[in-house]
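Just start.pdb here, PDB, C-alpha atoms:
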```
ATOM      1  CA  MET A  61     111.041 123.323 105.703
ATOM      2  CA  GLN A  62     111.912 119.841 106.932
ATOM      3  CA  LYS A  63     109.311 117.176 107.502
ATOM      4  CA  THR A  64     109.990 116.275 111.135
ATOM      5  CA  VAL A  65     109.913 112.853 112.734
ATOM      6  CA  GLN A  66     106.873 112.086 114.894
ATOM      7  CA  HIS A  67     108.145 108.728 116.135
ATOM      8  CA  ILE A  68     110.555 105.909 115.275
ATOM      9  CA  PHE A  69     108.946 102.521 115.947
ATOM     10  CA  SER A  70     110.857  99.393 116.895
ATOM     11  CA  PRO A  71     109.514  96.260 115.222
ATOM     12  CA  PRO A  72     106.538  94.972 117.240
ATOM     13  CA  PRO A  73     106.397  91.283 118.208
ATOM     14  CA  ALA A  74     106.237  89.109 115.124
ATOM     15  CA  HIS A  75     103.345  86.865 114.177
ATOM     16  CA  THR A  76     102.895  84.351 111.379
ATOM     17  CA  VAL A  77     100.482  84.870 108.496
ATOM     18  CA  GLY A  78      99.507  81.411 107.304
ATOM     19  CA  ASP A  79     102.581  79.251 107.768
ATOM     20  CA  GLY A  80     104.858  81.144 105.404
ATOM     21  CA  PHE A  81     105.151  84.786 106.371
ATOM     22  CA  HIS A  82     106.797  85.915 109.611
ATOM     23  CA  VAL A  83     105.789  89.590 109.950
ATOM     24  CA  HIS A  84     105.779  92.654 112.192
ATOM     25  CA  ASN A  85     102.604  94.750 111.876
ATOM     26  CA  PHE A  86     103.633  98.405 112.147
ATOM     27  CA  PHE A  87     100.125  99.665 111.426
ATOM     28  CA  PRO A  88      97.223  99.950 111.864
ATOM     29  CA  SER A  89      97.655  98.212 115.239
ATOM     30  CA  GLY A  90     100.834  99.980 116.337
ATOM     31  CA  ILE A  91     100.070 103.690 115.887
ATOM     32  CA  ASN A  92      97.529 106.217 117.126
ATOM     33  CA  GLN A  93      94.619 106.906 114.750
ATOM     34  CA  GLY A  94      95.461 103.411 113.426
ATOM     35  CA  ILE A  95      93.296 102.962 110.336
ATOM     36  CA  TYR A  96      93.553 106.621 109.333
ATOM     37  CA  ARG A  97      97.043 107.818 110.304
ATOM     38  CA  MET A  98      98.865 106.524 107.215
ATOM     39  CA  SER A  99      95.956 106.780 104.756
ATOM     40  CA  PRO A 100      95.839 105.844 101.878
ATOM     41  CA  PHE A 101      98.007 103.029 103.277
ATOM     42  CA  PHE A 102      95.853 100.932 105.601
ATOM     43  CA  LEU A 103      98.232  98.168 106.704
ATOM     44  CA  LEU A 104     101.981  97.571 106.786
ATOM     45  CA  ASP A 105     103.257  94.058 107.459
ATOM     46  CA  TYR A 106     107.043  93.920 107.410
ATOM     47  CA  GLY A 107     108.726  90.550 107.125
ATOM     48  CA  ALA A 108     112.243  91.081 108.498
ATOM     49  CA  PRO A 109     114.757  88.464 107.271
ATOM     50  CA  HIS A 110     113.620  85.053 108.497
ATOM     51  CA  PHE A 111     115.081  81.674 107.586
ATOM     52  CA  PHE A 112     112.760  78.920 106.400
ATOM     53  CA  PRO A 113     114.192  75.402 106.182
ATOM     54  CA  PRO A 114     113.700  73.299 103.041
ATOM     55  CA  THR A 115     110.321  71.650 102.509
ATOM     56  CA  ASP A 116     108.488  69.771  99.791
ATOM     57  CA  GLU A 117     105.214  71.446 100.787
ATOM     58  CA  PRO A 118     105.433  75.180  99.999
ATOM     59  CA  ARG A 119     104.470  77.378 102.915
ATOM     60  CA  GLY A 120     102.128  80.315 102.549
ATOM     61  CA  VAL A 121      98.571  81.570 102.914
ATOM     62  CA  GLY A 122      95.678  79.561 101.491
ATOM     63  CA  VAL A 123      92.714  80.858  99.518
ATOM     64  CA  HIS A 124      91.073  83.889 101.095
ATOM     65  CA  PRO A 125      88.916  86.826  99.893
ATOM     66  CA  HIS A 126      89.479  90.574  99.657
ATOM     67  CA  ARG A 127      87.331  93.555  98.680
ATOM     68  CA  GLY A 128      87.726  97.332  98.729
ATOM     69  CA  PHE A 129      91.504  97.811  98.597
ATOM     70  CA  GLU A 130      94.790  96.758  96.986
ATOM     71  CA  THR A 131      97.578  94.487  98.228
ATOM     72  CA  VAL A 132     101.157  95.438  97.366
ATOM     73  CA  THR A 133     103.902  92.889  98.032
ATOM     74  CA  ILE A 134     107.605  93.750  97.639
ATOM     75  CA  ALA A 135     110.211  90.976  97.761
ATOM     76  CA  TYR A 136     113.658  91.797  99.167
ATOM     77  CA  LYS A 137     114.807  88.207  99.780
ATOM     78  CA  GLY A 138     113.181  84.967  98.634
ATOM     79  CA  SER A 139     110.390  84.531  96.111
ATOM     80  CA  VAL A 140     106.603  84.581  96.426
ATOM     81  CA  ALA A 141     104.005  83.022  94.118
ATOM     82  CA  HIS A 142     100.447  84.290  93.629
ATOM     83  CA  HIS A 143      97.192  82.996  92.125
ATOM     84  CA  ASP A 144      93.787  84.668  92.144
ATOM     85  CA  SER A 145      90.229  83.993  91.004
ATOM     86  CA  ALA A 146      90.445  86.678  88.306
ATOM     87  CA  GLY A 147      92.851  84.401  86.437
ATOM     88  CA  ASN A 148      96.077  86.153  87.390
ATOM     89  CA  SER A 149      99.194  84.360  88.565
ATOM     90  CA  GLY A 150     102.879  85.102  88.881
ATOM     91  CA  VAL A 151     106.063  84.845  90.917
ATOM     92  CA  ILE A 152     107.961  87.789  92.331
ATOM     93  CA  TYR A 153     111.678  87.438  92.951
ATOM     94  CA  GLU A 154     114.088  89.759  94.770
ATOM     95  CA  GLY A 155     113.301  93.354  93.812
ATOM     96  CA  ASP A 156     109.988  92.536  92.141
ATOM     97  CA  VAL A 157     106.557  93.856  93.148
ATOM     98  CA  GLN A 158     103.095  92.298  93.051
ATOM     99  CA  TRP A 159     100.270  94.872  92.987
ATOM    100  CA  MET A 160      96.805  93.337  93.194
ATOM    101  CA  THR A 161      93.624  95.389  93.067
ATOM    102  CA  ALA A 162      90.944  93.402  94.889
ATOM    103  CA  GLY A 163      88.283  95.978  94.038
ATOM    104  CA  SER A 164      84.817  94.400  93.889
ATOM    105  CA  GLY A 165      86.102  91.092  95.169
ATOM    106  CA  VAL A 166      88.701  88.438  94.510
ATOM    107  CA  LEU A 167      90.012  85.224  96.009
ATOM    108  CA  HIS A 168      93.767  84.787  96.144
ATOM    109  CA  LYS A 169      96.542  82.723  97.677
ATOM    110  CA  GLU A 170     100.212  83.522  98.311
ATOM    111  CA  TYR A 171     102.953  81.037  99.011
ATOM    112  CA  HIS A 172     106.687  80.415  98.723
ATOM    113  CA  GLU A 173     107.757  79.733  95.160
ATOM    114  CA  GLU A 174     108.426  76.008  94.641
ATOM    115  CA  ASN A 175     112.205  76.116  94.101
ATOM    116  CA  PHE A 176     112.710  78.491  97.031
ATOM    117  CA  ALA A 177     110.647  76.203  99.249
ATOM    118  CA  LYS A 178     112.677  73.124  98.287
ATOM    119  CA  LYS A 179     116.027  74.829  98.889
ATOM    120  CA  GLY A 180     114.989  76.896 101.911
ATOM    121  CA  GLY A 181     116.451  80.296 102.640
ATOM    122  CA  SER A 182     115.899  83.763 104.010
ATOM    123  CA  MET A 183     112.613  85.524 103.270
ATOM    124  CA  GLN A 184     112.301  89.317 103.586
ATOM    125  CA  MET A 185     109.274  91.155 102.291
ATOM    126  CA  VAL A 186     106.810  93.991 102.764
ATOM    127  CA  GLN A 187     103.086  93.808 102.261
ATOM    128  CA  LEU A 188     100.953  96.935 102.165
ATOM    129  CA  TRP A 189      97.190  97.258 101.994
ATOM    130  CA  VAL A 190      96.329 100.384 100.027
ATOM    131  CA  ASN A 191      92.811 101.701 100.524
ATOM    132  CA  LEU A 192      90.563 102.529  97.577
ATOM    133  CA  PRO A 193      88.301 105.592  97.663
ATOM    134  CA  ALA A 194      84.564 104.913  97.915
ATOM    135  CA  LYS A 195      84.006 105.586  94.223
ATOM    136  CA  ASP A 196      86.520 102.878  93.255
ATOM    137  CA  LYS A 197      85.898 100.188  95.871
ATOM    138  CA  MET A 198      83.842  98.104  93.432
ATOM    139  CA  THR A 199      86.218  98.484  90.496
ATOM    140  CA  ASN A 200      87.095  95.353  88.549
ATOM    141  CA  PRO A 201      89.966  93.335  90.039
ATOM    142  CA  LYS A 202      93.332  93.645  88.309
ATOM    143  CA  TYR A 203      96.933  92.600  88.762
ATOM    144  CA  GLN A 204     100.239  94.359  88.108
ATOM    145  CA  GLY A 205     103.275  92.098  88.142
ATOM    146  CA  ILE A 206     106.267  94.466  88.258
ATOM    147  CA  VAL A 207     109.719  93.133  87.414
ATOM    148  CA  HIS A 208     112.691  94.781  89.118
ATOM    149  CA  LYS A 209     114.515  95.629  85.887
ATOM    150  CA  ASP A 210     111.489  97.599  84.642
ATOM    151  CA  ILE A 211     111.245  99.928  87.652
ATOM    152  CA  PRO A 212     112.403 103.485  86.772
ATOM    153  CA  VAL A 213     115.520 104.629  88.646
ATOM    154  CA  TYR A 214     116.265 108.197  89.779
ATOM    155  CA  ASN A 215     119.935 108.911  90.528
ATOM    156  CA  PHE A 216     120.537 111.489  93.240
ATOM    157  CA  PRO A 217     123.126 114.215  92.496
ATOM    158  CA  ASP A 218     126.827 113.637  93.186
ATOM    159  CA  ASN A 219     126.500 109.837  93.274
ATOM    160  CA  ASN A 220     124.497 109.907  96.508
ATOM    161  CA  GLY A 221     122.541 106.756  95.772
ATOM    162  CA  TYR A 222     119.348 106.212  93.841
ATOM    163  CA  ALA A 223     115.621 105.597  94.187
ATOM    164  CA  GLU A 224     113.589 102.912  92.453
ATOM    165  CA  ILE A 225     110.233 104.556  91.716
ATOM    166  CA  ILE A 226     107.599 101.838  92.104
ATOM    167  CA  ALA A 227     104.751 104.364  92.167
ATOM    168  CA  GLY A 228     104.371 108.129  92.201
ATOM    169  CA  GLU A 229     106.986 110.602  91.081
ATOM    170  CA  LEU A 230     110.400 111.913  92.088
ATOM    171  CA  ASN A 231     111.738 115.063  90.422
ATOM    172  CA  GLY A 232     109.771 114.410  87.238
ATOM    173  CA  LEU A 233     110.471 110.678  86.982
ATOM    174  CA  ARG A 234     107.244 108.701  87.201
ATOM    175  CA  GLY A 235     106.872 105.233  88.681
ATOM    176  CA  ILE A 236     105.689 102.127  86.895
ATOM    177  CA  ALA A 237     102.598 101.226  88.928
ATOM    178  CA  SER A 238      99.197 102.771  88.293
ATOM    179  CA  THR A 239      97.319 103.966  91.388
ATOM    180  CA  PHE A 240      93.813 105.203  92.164
ATOM    181  CA  THR A 241      94.915 108.098  94.391
ATOM    182  CA  PRO A 242      98.155 110.125  94.528
ATOM    183  CA  LEU A 243     100.866 108.212  96.374
ATOM    184  CA  ASN A 244     104.610 107.566  96.302
ATOM    185  CA  LEU A 245     106.336 104.245  96.869
ATOM    186  CA  TRP A 246     110.136 104.273  96.425
ATOM    187  CA  ASN A 247     113.045 102.060  97.364
ATOM    188  CA  CYS A 248     115.895 104.428  98.232
ATOM    189  CA  LYS A 249     119.314 102.728  98.120
ATOM    190  CA  GLY A 250     122.721 104.110  99.005
ATOM    191  CA  LYS A 251     126.215 103.409 100.283
ATOM    192  CA  LYS A 252     127.683 104.334 103.654
ATOM    193  CA  GLY A 253     128.058 108.122 103.753
ATOM    194  CA  ASP A 254     125.627 108.825 100.920
ATOM    195  CA  THR A 255     123.164 111.638 101.645
ATOM    196  CA  MET A 256     119.981 111.954  99.609
ATOM    197  CA  THR A 257     117.405 114.713  99.921
ATOM    198  CA  PHE A 258     113.893 114.772  98.489
ATOM    199  CA  GLN A 259     110.603 116.590  98.900
ATOM    200  CA  LEU A 260     107.110 115.279  99.605
ATOM    201  CA  PRO A 261     103.924 117.348 100.085
ATOM    202  CA  ASN A 262     103.345 118.381 103.691
ATOM    203  CA  THR A 263      99.737 117.173 103.429
ATOM    204  CA  TYR A 264     100.815 113.614 102.556
ATOM    205  CA  ASN A 265     101.031 110.971 105.269
ATOM    206  CA  THR A 266     104.614 109.732 105.165
ATOM    207  CA  GLY A 267     106.638 106.881 106.629
ATOM    208  CA  ILE A 268     109.891 105.058 105.918
ATOM    209  CA  VAL A 269     110.747 101.407 106.581
ATOM    210  CA  ILE A 270     114.462 100.851 107.193
ATOM    211  CA  ILE A 271     114.975  97.646 105.218
ATOM    212  CA  GLU A 272     118.751  97.463 105.536
ATOM    213  CA  GLY A 273     121.458  99.448 107.319
ATOM    214  CA  ASN A 274     121.181 102.366 109.742
ATOM    215  CA  VAL A 275     120.437 105.916 108.593
ATOM    216  CA  LEU A 276     120.358 109.436 109.975
ATOM    217  CA  ILE A 277     117.066 111.223 109.328
ATOM    218  CA  ASN A 278     117.450 114.941 108.613
ATOM    219  CA  GLY A 279     121.039 114.786 109.813
ATOM    220  CA  SER A 280     120.245 114.081 113.454
ATOM    221  CA  GLN A 281     117.881 111.213 114.315
ATOM    222  CA  LYS A 282     119.173 107.677 113.959
ATOM    223  CA  ALA A 283     116.833 105.054 112.513
ATOM    224  CA  GLU A 284     118.013 101.464 112.723
ATOM    225  CA  THR A 285     117.441  98.423 110.539
ATOM    226  CA  ASN A 286     113.893  96.989 110.693
ATOM    227  CA  HIS A 287     112.438 100.164 112.239
ATOM    228  CA  PHE A 288     109.594 102.331 110.934
ATOM    229  CA  VAL A 289     109.842 106.130 110.858
ATOM    230  CA  LEU A 290     106.575 108.084 111.037
ATOM    231  CA  PHE A 291     106.707 111.744 109.978
ATOM    232  CA  ASN A 292     104.626 114.723 111.023
ATOM    233  CA  ASN A 293     102.586 116.543 108.380
ATOM    234  CA  ASP A 294     104.548 119.737 108.887
ATOM    235  CA  GLY A 295     107.097 120.135 106.106
ATOM    236  CA  GLU A 296     108.276 118.829 102.767
ATOM    237  CA  GLU A 297     112.013 118.022 102.853
ATOM    238  CA  ILE A 298     113.567 114.769 104.120
ATOM    239  CA  SER A 299     117.221 113.785 104.032
ATOM    240  CA  LEU A 300     118.664 110.309 104.547
ATOM    241  CA  GLN A 301     122.341 109.729 105.346
ATOM    242  CA  GLY A 302     123.740 106.220 105.438
ATOM    243  CA  GLU A 303     125.696 105.114 108.493
ATOM    244  CA  ASP A 304     125.991 101.851 106.532
ATOM    245  CA  ASP A 305     124.949 100.708 103.072
ATOM    246  CA  PHE A 306     121.196 101.096 103.228
ATOM    247  CA  ILE A 307     117.798 100.409 101.701
ATOM    248  CA  CYS A 308     114.791 102.473 102.784
ATOM    249  CA  LEU A 309     111.202 102.024 101.605
ATOM    250  CA  VAL A 310     109.498 105.420 101.392
ATOM    251  CA  LEU A 311     105.689 105.456 101.439
ATOM    252  CA  SER A 312     103.793 108.712 101.203
ATOM    253  CA  GLY A 313     100.324 109.551  99.975
ATOM    254  CA  GLU A 314      97.396 111.917  99.904
ATOM    255  CA  PRO A 315      94.946 110.900 102.654
ATOM    256  CA  ILE A 316      91.557 109.510 101.673
ATOM    257  CA  ASN A 317      89.299 111.435 104.031
ATOM    258  CA  GLU A 318      86.405 108.986 104.220
ATOM    259  CA  THR A 319      84.960 106.897 107.028
ATOM    260  CA  LEU A 320      86.339 103.351 107.048
ATOM    261  CA  VAL A 321      84.754 100.169 108.320
ATOM    262  CA  PRO A 322      87.308  97.345 108.029
ATOM    263  CA  TYR A 323      86.478  93.801 109.040
ATOM    264  CA  GLY A 324      88.675  90.777 108.428
ATOM    265  CA  PRO A 325      89.723  90.692 104.762
ATOM    266  CA  PHE A 326      87.460  93.582 103.703
ATOM    267  CA  VAL A 327      88.003  97.359 103.885
ATOM    268  CA  MET A 328      84.767  99.222 103.191
ATOM    269  CA  ASN A 329      82.992 102.433 104.177
ATOM    270  CA  THR A 330      79.897 101.144 106.014
ATOM    271  CA  LYS A 331      78.803  98.172 108.115
ATOM    272  CA  GLU A 332      76.187  97.373 105.490
ATOM    273  CA  GLN A 333      78.896  97.060 102.842
ATOM    274  CA  ILE A 334      80.816  94.640 105.067
ATOM    275  CA  ILE A 335      77.702  92.477 105.487
ATOM    276  CA  GLN A 336      77.167  92.538 101.723
ATOM    277  CA  ALA A 337      80.797  91.564 101.121
ATOM    278  CA  TYR A 338      80.400  88.445 103.274
ATOM    279  CA  GLU A 339      77.118  87.575 101.558
ATOM    280  CA  ASP A 340      78.716  87.952  98.123
ATOM    281  CA  PHE A 341      81.711  85.877  99.184
ATOM    282  CA  ARG A 342      79.548  83.061 100.538
ATOM    283  CA  SER A 343      77.357  83.054  97.419
ATOM    284  CA  GLY A 344      80.364  82.607  95.122
ATOM    285  CA  LYS A 345      80.464  86.067  93.569
ATOM    286  CA  PHE A 346      84.221  86.327  94.181
ATOM    287  CA  GLY A 347      84.884  83.492  91.739
ATOM    288  CA  VAL A 348      86.542  80.130  92.271
ATOM    289  CA  LEU A 349      90.102  79.281  93.231
ATOM    290  CA  GLU A 350      91.411  75.917  94.384
ATOM    291  CA  ASP A 351      93.487  75.801  97.562
TER     292      ASP A 351
END
```
Using structure tokens, write down the structure from this file.
Amino acid sequence: MQKTVQHIFSPPPAHTVGDGFHVHNFFPSGINQGIYRMSPFFLLDYGAPHFFPPTDEPRGVGVHPHRGFETVTIAYKGSVAHHDSAGNSGVIYEGDVQWMTAGSGVLHKEYHEENFAKKGGSMQMVQLWVNLPAKDKMTNPKYQGIVHKDIPVYNFPDNNGYAEIIAGELNGLRGIASTFTPLNLWNCKGKKGDTMTFQLPNTYNTGIVIIEGNVLINGSQKAETNHFVLFNNDGEEISLQGEDDFICLVLSGEPINETLVPYGPFVMNTKEQIIQAYEDFRSGKFGVLED
């Protein structure tokens, strides 16, 4: 049975995060049941291609705290640097992924990589916030810097494109990222006319970001570049057919059925935990990181 489309969302008005990321927030603000509808994914900021002129002062987001979830950043154009108070740092280039587990608390900053900033250019990226279940919210912070060439690739039959398996599994091929709950995160790539079909559990919350090109969903519904496709939880099979060369980011996961209390940079389960997070941040328990 096909997993049917609930709605195809046009990109909402863009806003700037810091001075370096021009993004459209598809959720939680843009969909019903906001903080729960795409669980375990809490937030999706999509940075459609945006040109930044050259500068000697790299743009980005200064030092800020997180607790209770993970940030996942995927670079499609441009390059993004990262530092955090747990001692991790790195740069992701086109095709790379930065997967940071904030867990019990971390300070971090994200900004345009120095050479990219000096030359200027087009930036295109996705950032996801992935919720952690209550039992893991205070896990130790960690960082997974995933290089594009290391991401496992599944080739669809009859040369109908391929999927880069960042996390989860596709037909027995497992992704490179470790996760706390079952979820899939794939970049599906194909040429005009390619048709790829795959299955995802009907209980998983599922969406697709159309990164490049236009595609037909299940042979009938057109989804255009920079749009987000939200699926009903009513079937397992999805097919994508390229009207152009295309890239689609598939995100699908088992819901975490727990009460959430998000506030600012923290995603917790109770108001008391939010208050404690701010107290711990102010008292220096998240470590030290220079801006």
- Message: With distances taken over all atoms listed in the file, which residue among A:Gly138, A:Pro322, A:Gly181, A:Gly250 lies nearest Ile335 in chain A?
- Response: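 Answer, going by the shortest atom-to-atom distance: A:Pro322.
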- Query: Written as a ChimeraX atom specification, which residues does the PyMOL selection byres ((chain A and resi 185) around 12) give for the file shown?
  - Reply: /A:80-84,104-110,132-140,152-158,172,182-184,186-188,269,271-272,286,309
- Where does the PyMOL selection byres ((chain A and resi 308) around 12) land in this file, that is, which residues does it pick, as a ChimeraX atom specification? /A:136,186,221-224,245-251,256,267-277,283-289,299-302,304-307,309-311
With C-alpha atoms retained, write the just-selected residues as a JSON list (two decimals), in the coordinates of the input.
```
[["chain", "number", "residue", "atom", "x", "y", "z"],
["A", 136, "TYR", "CA", 113.66, 91.80, 99.17],
["A", 186, "VAL", "CA", 106.81, 93.99, 102.76],
["A", 221, "GLY", "CA", 122.54, 106.76, 95.77],
["A", 222, "TYR", "CA", 119.35, 106.21, 93.84],
["A", 223, "ALA", "CA", 115.62, 105.60, 94.19],
["A", 224, "GLU", "CA", 113.59, 102.91, 92.45],
["A", 245, "LEU", "CA", 106.34, 104.24, 96.87],
["A", 246, "TRP", "CA", 110.14, 104.27, 96.42],
["A", 247, "ASN", "CA", 113.04, 102.06, 97.36],
["A", 248, "CYS", "CA", 115.90, 104.43, 98.23],
["A", 249, "LYS", "CA", 119.31, 102.73, 98.12],
["A", 250, "GLY", "CA", 122.72, 104.11, 99.00],
["A", 251, "LYS", "CA", 126.22, 103.41, 100.28],
["A", 256, "MET", "CA", 119.98, 111.95, 99.61],
["A", 267, "GLY", "CA", 106.64, 106.88, 106.63],
["A", 268, "ILE", "CA", 109.89, 105.06, 105.92],
["A", 269, "VAL", "CA", 110.75, 101.41, 106.58],
["A", 270, "ILE", "CA", 114.46, 100.85, 107.19],
["A", 271, "ILE", "CA", 114.98, 97.65, 105.22],
["A", 272, "GLU", "CA", 118.75, 97.46, 105.54],
["A", 273, "GLY", "CA", 121.46, 99.45, 107.32],
["A", 274, "ASN", "CA", 121.18, 102.37, 109.74],
["A", 275, "VAL", "CA", 120.44, 105.92, 108.59],
["A", 276, "LEU", "CA", 120.36, 109.44, 109.98],
["A", 277, "ILE", "CA", 117.07, 111.22, 109.33],
["A", 283, "ALA", "CA", 116.83, 105.05, 112.51],
["A", 284, "GLU", "CA", 118.01, 101.46, 112.72],
["A", 285, "THR", "CA", 117.44, 98.42, 110.54],
["A", 286, "ASN", "CA", 113.89, 96.99, 110.69],
["A", 287, "HIS", "CA", 112.44, 100.16, 112.24],
["A", 288, "PHE", "CA", 109.59, 102.33, 110.93],
["A", 289, "VAL", "CA", 109.84, 106.13, 110.86],
["A", 299, "SER", "CA", 117.22, 113.78, 104.03],
["A", 300, "LEU", "CA", 118.66, 110.31, 104.55],
["A", 301, "GLN", "CA", 122.34, 109.73, 105.35],
["A", 302, "GLY", "CA", 123.74, 106.22, 105.44],
["A", 304, "ASP", "CA", 125.99, 101.85, 106.53],
["A", 305, "ASP", "CA", 124.95, 100.71, 103.07],
["A", 306, "PHE", "CA", 121.20, 101.10, 103.23],
["A", 307, "ILE", "CA", 117.80, 100.41, 101.70],
["A", 309, "LEU", "CA", 111.20, 102.02, 101.60],
["A", 310, "VAL", "CA", 109.50, 105.42, 101.39],
["A", 311, "LEU", "CA", 105.69, 105.46, 101.44]]
```
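Atom pair CA of Met160 in chain A / CA of Gln204 in chain A: separated by 6.2 Å.
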- Query: Which is closer to Lys178 in chain A than all the others in A:Arg119, A:Arg234, A:His143, A:His124, using only C-alpha atoms?
  - Reply: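 Closest to Lys178 in chain A of all the choices is A:Arg119.
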- Residue with the minimum atom-to-atom distance to Gly347 in chain A, picked from A:Gly78, A:Gly147, A:Pro242, A:Gly163 with all atoms listed in the file counted, is A:Gly147
- Query: Residues picked by the PyMOL selection byres ((chain A and resi 161) around 10) here, as a list in words?
  - Reply: His126, Arg127, Gly128, Phe129, Glu130, Thr131, Val132, Gln158, Trp159, Met160, Ala162, Gly163, Ser164, Gly165, Val166, Trp189, Val190, Asn191, Leu192, Lys197, Thr199, Asn200, Pro201, Lys202, Tyr203, Gln204, Thr239 and Phe240 of chain A
- Item | Shortest interatomic distance to Asn292 in chain A - which of A:Phe341, A:Tyr96, A:Asn265, A:Pro325, counting all atoms listed in the file | A:Asn265
- For Asn148 in chain A, which of A:Val123, A:Phe111, A:Ala74, A:Gly205 is the closest residue, counting only C-alpha atoms? A:Gly205
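The space separating CA of Thr266 in chain A from CA of Ile206 in chain A comes to 22.8 Å.
Pairwise distance (CA of Ser145 in chain A, CA of Val348 in chain A) equals 5.5 Å.
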- Query: Restricting the calculation to only C-alpha atoms, which member of A:Pro212, A:Pro125, A:Gly279, A:Gly253 is positioned closest to Glu339 in chain A?
  - Reply: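 For Glu339 in chain A, the nearest of the given residues is A:Pro125.
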